[in-house]
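Visitor: Have a look at this one.
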Amino acid sequence: MDESPFLKLKRWQWWLLVAINIFFLIAGQAAAVLLGRFYYDKGGNSKWMATLVQTAGFPVLCIPWFLLRPSREASTSSTSPSIKTLALLYFVLGVLLAGDNMLYSVGLLYLSASTYSLICATQLAFNAVFSYFLNSQKVTALILNSVVILSLSAALIAVNDDSDGPSGVPKGKFLIGFLCTLGASALYSLLLSFMQLSFQKVLKKETFSVVLEMQICTSVVASCLSSTGLFASGEWKSLQHELEVFGTGRVSYVLTLVWTAITWQVCAVGVVGLIFVVSSLFSNVISTLSLAVTPLAALVVFLDKMNGVKVIAMLLALCGFASYIYQNYIDDKKARRLQTHVREIQHTA
């Protein structure tokens, strides 16, 4: 925060911006997960389609990006990176995003929901390591406490998940699912750290339009790669059959895919926005918090049971969340005090 442009905002404005991005991430991820469960429960079976819908909703972001983009003079300033640099950056991030989405899809195919969620919680540990080396993120006692508590919360929910795993999965494919999910958690954490590094070292812009621009461009690359995989694998041939046998009808099938794509984009805006405003580690903490919030949504939508273990997991998640929020409050207060001191010295000079 010592070099962040958001220090120019008033404290309540900065926290409001953080709260909006947290809402986007948690609400978007919870809705997307519920819609994804609905897709599989009603007869969906395409890994590449499940991968594609995670990024295919990027056109809905073009309207706010068009309204928020800076003027031509501002966008062509001397601090703006070249077109080649931006193209290379967005292509690399898009490839990483597509690979990460596919690994998650394969992992969910071969693992039970409980095992899948438990492994996904390891992304916080990966992100703490990557943020330390790539983003110079200090791992304080409060951050470590938050990571441990949130991971424990997600683990409790995963162990308590009553849903049955896929039947008839051999050990070989189970191992593939385990390794894919573990690799996806590591790749997702690496992607968040690379995004934060890109904001700091390459983009160097102060408007929220850069967040939308990054999300749109990386989603275009990831969607193109996912579409290529969908047709190259031959899974597109089974989509007509999925449409016909979908449990709630053809219209419901289409709407499920459309809204899944939209909610994933809402979630992605929250993820990238928190990286831009705070840090990649904070964004990952909120993503893990969503693993504890999602059962509440499932309780309302699917009438899932909320037993004592899930209640304890929810309380742990809130404690871990509060721990990390308090650490960011301390950092913010320290940075603003330092900024005030520097201004007083400059004024005196």
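For the structure tokens, the naming scheme is as follows: chains receive sequential letters (A, B, ...) according to their order of presentation, residues are indexed from 1 within each chain, and ligands are indexed from 1 in presentation order.
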Within 7 Å of stretch 220-225 of chain A, counting only C-alpha atoms, which residues qualify if same-chain residues fewer than 3 places away don't, as a ChimeraX atom specification?

Guide: /A:52,55-56,91,94-95,97-98,216-217,228-229

Visitor: Identify, with DSSP run on backbone atoms, the residues in stretch 149-292 of chain A assigned to helix (DSSP H, G or I), and express the list as a VMD selection string.

Guide: chain A and resid 149 to 160 171 to 203 209 to 233 235 to 245 250 to 277 280 to 292

Visitor: Considering only C-alpha atoms, state which residue in the set A:Val272, A:Cys120, A:Leu156, A:Ala125 is at the smallest distance from A:Gln196.

Guide: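 Once distances to A:Gln196 are computed over only C-alpha atoms, the minimum belongs to A:Val272.
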
Visitor: Give me the residues within 10 Å of A:Gly270 as JSON, numbers by chain, counting only C-alpha atoms and dropping any in the same chain fewer than 2 places off.

Guide: {"A": [18, 19, 20, 21, 22, 23, 24, 25, 26, 27, 28, 29, 211, 264, 265, 266, 267, 268, 272, 273, 274, 275, 276, 283, 286, 287]}

Visitor: With N, CA and C atoms retained, write the just-selected residues as an mmCIF file, in the first residue's frame.

Guide:
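Contents of again.cif, as written:
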```cif
data_model
loop_
_atom_site.group_PDB
_atom_site.id
_atom_site.type_symbol
_atom_site.label_atom_id
_atom_site.label_comp_id
_atom_site.auth_asym_id
_atom_site.auth_seq_id
_atom_site.Cartn_x
_atom_site.Cartn_y
_atom_site.Cartn_z
ATOM 1 N N VAL A 18 -13.254 -1.959 -1.655
ATOM 2 C CA VAL A 18 -12.908 -3.320 -1.257
ATOM 3 C C VAL A 18 -14.168 -4.152 -1.020
ATOM 4 N N ALA A 19 -15.160 -3.568 -0.327
ATOM 5 C CA ALA A 19 -16.399 -4.294 -0.020
ATOM 6 C C ALA A 19 -17.164 -4.664 -1.285
ATOM 7 N N ILE A 20 -17.182 -3.763 -2.269
ATOM 8 C CA ILE A 20 -17.880 -4.053 -3.530
ATOM 9 C C ILE A 20 -17.225 -5.233 -4.234
ATOM 10 N N ASN A 21 -15.900 -5.252 -4.289
ATOM 11 C CA ASN A 21 -15.192 -6.351 -4.940
ATOM 12 C C ASN A 21 -15.363 -7.667 -4.180
ATOM 13 N N ILE A 22 -15.406 -7.595 -2.845
ATOM 14 C CA ILE A 22 -15.650 -8.805 -2.058
ATOM 15 C C ILE A 22 -17.033 -9.372 -2.373
ATOM 16 N N PHE A 23 -18.030 -8.480 -2.480
ATOM 17 C CA PHE A 23 -19.386 -8.930 -2.814
ATOM 18 C C PHE A 23 -19.424 -9.592 -4.193
ATOM 19 N N PHE A 24 -18.764 -8.983 -5.177
ATOM 20 C CA PHE A 24 -18.714 -9.558 -6.516
ATOM 21 C C PHE A 24 -18.103 -10.949 -6.488
ATOM 22 N N LEU A 25 -17.006 -11.104 -5.749
ATOM 23 C CA LEU A 25 -16.309 -12.388 -5.723
ATOM 24 C C LEU A 25 -17.150 -13.464 -5.048
ATOM 25 N N ILE A 26 -17.650 -13.174 -3.852
ATOM 26 C CA ILE A 26 -18.374 -14.191 -3.091
ATOM 27 C C ILE A 26 -19.705 -14.535 -3.757
ATOM 28 N N ALA A 27 -20.475 -13.500 -4.147
ATOM 29 C CA ALA A 27 -21.771 -13.761 -4.778
ATOM 30 C C ALA A 27 -21.592 -14.453 -6.124
ATOM 31 N N GLY A 28 -20.619 -13.989 -6.919
ATOM 32 C CA GLY A 28 -20.398 -14.598 -8.227
ATOM 33 C C GLY A 28 -19.941 -16.033 -8.129
ATOM 34 N N GLN A 29 -18.993 -16.302 -7.225
ATOM 35 C CA GLN A 29 -18.481 -17.666 -7.102
ATOM 36 C C GLN A 29 -19.538 -18.602 -6.547
ATOM 37 N N VAL A 211 -8.794 -3.114 -14.888
ATOM 38 C CA VAL A 211 -9.245 -4.403 -14.362
ATOM 39 C C VAL A 211 -10.150 -5.102 -15.372
ATOM 40 N N TRP A 264 -19.591 -16.318 -13.460
ATOM 41 C CA TRP A 264 -18.140 -16.490 -13.388
ATOM 42 C C TRP A 264 -17.416 -15.190 -13.704
ATOM 43 N N GLN A 265 -17.974 -14.398 -14.619
ATOM 44 C CA GLN A 265 -17.357 -13.113 -14.939
ATOM 45 C C GLN A 265 -17.502 -12.127 -13.786
ATOM 46 N N VAL A 266 -18.644 -12.140 -13.119
ATOM 47 C CA VAL A 266 -18.821 -11.294 -11.937
ATOM 48 C C VAL A 266 -17.791 -11.671 -10.868
ATOM 49 N N CYS A 267 -17.615 -12.969 -10.676
ATOM 50 C CA CYS A 267 -16.610 -13.448 -9.726
ATOM 51 C C CYS A 267 -15.214 -13.007 -10.140
ATOM 52 N N ALA A 268 -14.906 -13.114 -11.426
ATOM 53 C CA ALA A 268 -13.569 -12.766 -11.914
ATOM 54 C C ALA A 268 -13.272 -11.281 -11.733
ATOM 55 N N VAL A 272 -9.982 -9.980 -9.717
ATOM 56 C CA VAL A 272 -8.985 -9.059 -10.272
ATOM 57 C C VAL A 272 -9.053 -7.712 -9.568
ATOM 58 N N GLY A 273 -10.255 -7.271 -9.206
ATOM 59 C CA GLY A 273 -10.395 -6.004 -8.513
ATOM 60 C C GLY A 273 -9.704 -6.010 -7.157
ATOM 61 N N LEU A 274 -9.814 -7.108 -6.408
ATOM 62 C CA LEU A 274 -9.154 -7.192 -5.114
ATOM 63 C C LEU A 274 -7.639 -7.269 -5.271
ATOM 64 N N ILE A 275 -7.175 -7.920 -6.338
ATOM 65 C CA ILE A 275 -5.732 -7.924 -6.606
ATOM 66 C C ILE A 275 -5.242 -6.507 -6.844
ATOM 67 N N PHE A 276 -6.021 -5.756 -7.611
ATOM 68 C CA PHE A 276 -5.648 -4.392 -7.972
ATOM 69 C C PHE A 276 -5.702 -3.464 -6.760
ATOM 70 N N SER A 283 -7.098 -11.550 -2.166
ATOM 71 C CA SER A 283 -8.091 -12.060 -3.103
ATOM 72 C C SER A 283 -8.302 -13.557 -2.923
ATOM 73 N N ILE A 286 -10.339 -14.326 0.262
ATOM 74 C CA ILE A 286 -11.776 -14.142 0.062
ATOM 75 C C ILE A 286 -12.350 -15.275 -0.779
ATOM 76 N N SER A 287 -11.563 -15.762 -1.749
ATOM 77 C CA SER A 287 -12.024 -16.911 -2.545
ATOM 78 C C SER A 287 -12.234 -18.129 -1.663
#
```

Visitor: For A:Trp48, work out the shell of residues within 10 Å, counting only C-alpha atoms and skipping chain neighbours fewer than 6 positions away, then give it as a list in words.

Guide: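 Result of the neighbour search: Asn101, Met102, Ser105, Val106, Leu225, Ser226, Ser227, Thr228, Gly229, Leu230, Phe231, Ser233, Gly234, Glu235 and Trp236 of chain A.
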
Visitor: I'd like to know which of A:Gln215, A:Thr122, A:Thr340, A:Asn127 is closest to A:Val139, using only C-alpha atoms.

Guide: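 Among A:Gln215, A:Thr122, A:Thr340, A:Asn127, it is A:Asn127 that comes nearest to A:Val139.
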
Visitor: Calculate how many Å separate atom CA of A:Leu175 from atom CA of A:Tyr104, rounding to one decimal.

Guide: 13.7 Å

Visitor: I'd like to know which of A:Leu212, A:Val33, A:Cys180, A:Ile143 is closest to A:Leu67, using only C-alpha atoms.

Guide: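 Result for the nearest residue to A:Leu67: A:Leu212.
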
Visitor: Using only C-alpha atoms, find the one residue out of A:Lys237, A:Arg11, A:Lys334, A:His347 that sits nearest to A:Met49.

Guide: A:Lys237

Visitor: Name the closest residue to A:Val60 among the candidates A:Ile262, A:Ile83, A:Ile119, A:Ile325; distances are taken between atoms, counting only C-alpha atoms.

Guide: A:Ile262
